[in-house]
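Have a look at the structure below before the remarks.
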Amino acid sequence: MTRAHRQRHLLIWLILTPVIAIILWQSLLHRPEAPVNDSLPPLLTEEAG
Amino acid sequence: MAASYKIVTWTPFKKRFDLWLLVGIAVYLVTFILITSLSQPVDETFTPIQMLMRAFGTLAFLLLSFILCIGPLARLTLRFKPFLYNRRHLGVTTFFVALFHAALSTLWYHGFSDVNPFLSIFVSNPRYDSIAGFPFESLGFVALFILFLMAATSHDFWNANLGPRLWKTLHMLVYLAYGLLVAHIALGAIQFEKDPIYVALLGGSAAIVAALHLLTALKPSGHITQAPATDWIEVGPAGDMVDAKARIIRPRSGEAIAVFRDGQTVAAVSHVCRHQGGPLGEGLVIDGCVTCPWHGFQYRLTDGTSLPPFTEKVATYPTRIENGIVYVRAIPDPPGTPQTPSIIRAARV
């Protein structure tokens, strides 16, 4: 692994780690109390059913 | 690597590895479906299709998480080297597992609409400003497209044609794909899945992958010496060098040098493998050849050339031993230049 490659790896993970942590944190914070699949249009899911 | 040669040959080991991989996938899918069926709450009934979606989806995420752990783990322990050599097979398999998940989901949730199913993924739910209702499938679609690009170019033919630098850059998009997948699951299944095991699997896997990458990126590799700006750099006492292993020297300018001991001789080559820039100095000398720990590419220690029919060459560096101390010249000889290894025993006499 070249020096530049190692530094690029480090930079990527220094950026990606907090981004992933924030996404996880926010997704749990905004989780509906009564979990339902509201991300899909009801019409589509009904139709599929 | 010349484009006409195939380094990824189907050796008996690779056949066994792939067989075990397929058996493992089958066992996971059956176990997942059985456990989901038996533990299903009375008020909630998953259809077999939905169970398959979940099974393939979780498997694809776990496989990708494992693949991303292989590189750092192989740098920490030799036990993971076999996985490193077969990482491409795992990657292509992961793409197909993810493709099954995507195909089932797209057909099930978007296949019955008048809108084109692929368009429907992006437009049927316009709540891009919401967290709980975000159209998470679009994130999965982009991640799958990246995995497709990687699977399609997972062959040395493409490595040779695109060049190692572009090929490696393309394949580093896997980190973006992983971030998108974490978001896909966090904004998707986690929003409506009651079982905490999904949160634990997602958070735990992402934390392990990130921690391993940061740990190994910050950890200095092997015996690294920052060399002063001189022509000849002191490597250290010859007697302290471990047989078949290298000390890595980083000159003030230029790439790192791997100074290997092979029995009673010492010789130096470039630390950077010509295949994909792997760390040659972290590999071993096997039968007189430096073996890259990433994909097993080999170079003769005496002249830095690959064994026929391969044609790669790495730079060599003159060495000398004075009063039991090994020195290496900071200026490389052209790739493939024969060198006379320094002899440890003779130097002690």
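Chain identifiers are assigned as A, B, and so on, following the order in which chains appear in the structure tokens; residues are numbered from 1 within each chain, and ligands are numbered from 1 in order of appearance.
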Report as a tab-separated table the residues of chain B within 7 Å of chain A, each with its shortest atom pair and distance in Å (one decimal), using only C-alpha atoms, ordered by chain and increasing residue number.
residue	atom	partner	partner_atom	distance
B:Trp108	CA	A:Ala48	CA	6.0
B:Tyr109	CA	A:Ala48	CA	6.0
B:His110	CA	A:Leu44	CA	6.8
B:Phe112	CA	A:Ala48	CA	6.4
B:Ser113	CA	A:Leu44	CA	7.0
B:Ser124	CA	A:Pro41	CA	6.9
B:Asn125	CA	A:Pro41	CA	6.3
B:Ile131	CA	A:Ser27	CA	6.5
B:Ala132	CA	A:His30	CA	6.0
B:Gly133	CA	A:Ser39	CA	4.3
B:Phe134	CA	A:Ser39	CA	6.0
B:Pro135	CA	A:Ser39	CA	6.0
B:Gly179	CA	A:Ile20	CA	6.4
B:Ala183	CA	A:Ile23	CA	6.3
B:Ala186	CA	A:Ser27	CA	5.7
B:Leu187	CA	A:Ser27	CA	5.9
B:Gln191	CA	A:Arg31	CA	5.3
B:Phe192	CA	A:Pro35	CA	4.3
B:Glu193	CA	A:Pro35	CA	6.6
B:Lys194	CA	A:Pro35	CA	6.7
B:Ala210	CA	A:Thr17	CA	6.0
B:His213	CA	A:Trp13	CA	6.9
B:Leu214	CA	A:Leu10	CA	6.3
B:Ala217	CA	A:Leu10	CA	5.4
B:Val272	CA	A:Met1	CA	6.2
B:Gly277	CA	A:Met1	CA	5.2
B:Gly278	CA	A:Met1	CA	4.4
B:Pro279	CA	A:Met1	CA	4.4
### Task
as JSON, numbers by chain, list the residues of segment 37-239 of chain B assigned to strand (DSSP E) by DSSP on the backbone atoms of this structure.
{"B": [224, 225, 226, 232, 233, 234, 235, 236, 237]}
Distance query segment 60-62 of chain B at most 9 Å, only C-alpha atoms, self and fewer than 3 positions along chain excluded, as a compact mmCIF listing (two decimals) with N, CA and C atoms, in the first residue's frame:
# COMPACT_ATOMS: atom_id res chain seq x y z
N ALA B 55 -34.07 -11.96 4.06
CA ALA B 55 -32.95 -12.89 4.15
C ALA B 55 -31.81 -12.46 3.21
N PHE B 56 -32.13 -12.17 1.97
CA PHE B 56 -31.10 -11.76 1.00
C PHE B 56 -30.52 -10.40 1.37
N GLY B 57 -31.38 -9.49 1.85
CA GLY B 57 -30.92 -8.14 2.21
C GLY B 57 -29.94 -8.17 3.37
N SER B 65 -20.09 -6.15 4.89
CA SER B 65 -19.38 -5.74 6.11
C SER B 65 -18.16 -6.62 6.34
N PHE B 66 -18.33 -7.93 6.14
CA PHE B 66 -17.21 -8.85 6.33
C PHE B 66 -16.10 -8.57 5.31
N ILE B 67 -16.50 -8.34 4.06
CA ILE B 67 -15.50 -8.07 3.01
C ILE B 67 -14.67 -6.84 3.37
N THR B 93 -20.08 -12.43 -5.35
CA THR B 93 -21.19 -13.15 -4.72
C THR B 93 -22.11 -12.18 -4.00
N THR B 94 -21.51 -11.21 -3.30
CA THR B 94 -22.31 -10.22 -2.57
C THR B 94 -23.20 -9.43 -3.53
N PHE B 95 -22.64 -9.08 -4.69
CA PHE B 95 -23.44 -8.35 -5.67
C PHE B 95 -24.67 -9.17 -6.07
N PHE B 96 -24.48 -10.46 -6.34
CA PHE B 96 -25.62 -11.28 -6.78
C PHE B 96 -26.66 -11.45 -5.66
N VAL B 97 -26.17 -11.58 -4.42
CA VAL B 97 -27.10 -11.68 -3.28
C VAL B 97 -27.91 -10.38 -3.17
N ALA B 98 -27.22 -9.24 -3.30
CA ALA B 98 -27.91 -7.94 -3.23
C ALA B 98 -28.88 -7.78 -4.41
N LEU B 99 -28.48 -8.31 -5.56
CA LEU B 99 -29.34 -8.21 -6.75
C LEU B 99 -30.65 -8.98 -6.55
N HIS B 101 -32.10 -9.51 -3.67
CA HIS B 101 -32.89 -8.68 -2.73
C HIS B 101 -33.56 -7.54 -3.49
N TYR B 178 -21.09 1.33 0.89
CA TYR B 178 -21.36 0.87 2.25
C TYR B 178 -22.12 1.93 3.05
N LEU B 181 -25.60 1.95 1.93
CA LEU B 181 -26.35 0.79 2.44
C LEU B 181 -26.74 0.97 3.90
N VAL B 182 -25.81 1.52 4.68
CA VAL B 182 -26.14 1.79 6.10
C VAL B 182 -27.35 2.74 6.15
N LEU B 201 -27.43 -5.43 14.69
CA LEU B 201 -26.64 -5.92 13.55
C LEU B 201 -26.10 -4.75 12.73
N LEU B 202 -26.96 -3.76 12.49
CA LEU B 202 -26.56 -2.62 11.67
C LEU B 202 -25.50 -1.78 12.37
N SER B 205 -22.17 -3.88 13.05
CA SER B 205 -21.36 -4.11 11.85
C SER B 205 -20.67 -2.83 11.41
### Message
Report, in Å to a single decimal, how far apart atom CA of Gly263 of chain B and atom CA of Lys245 of chain B are.
### Response
10.0 Å
### Task
Would you work out the distance separating atom CA of Ile343 of chain B from atom CA of Gly239 of chain B, expressed in Å to one decimal?
11.5 Å
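Atom pair atom CA of Leu212 of chain B / atom CA of Pro72 of chain B has a distance of 5.9 Å (rounded to one decimal).
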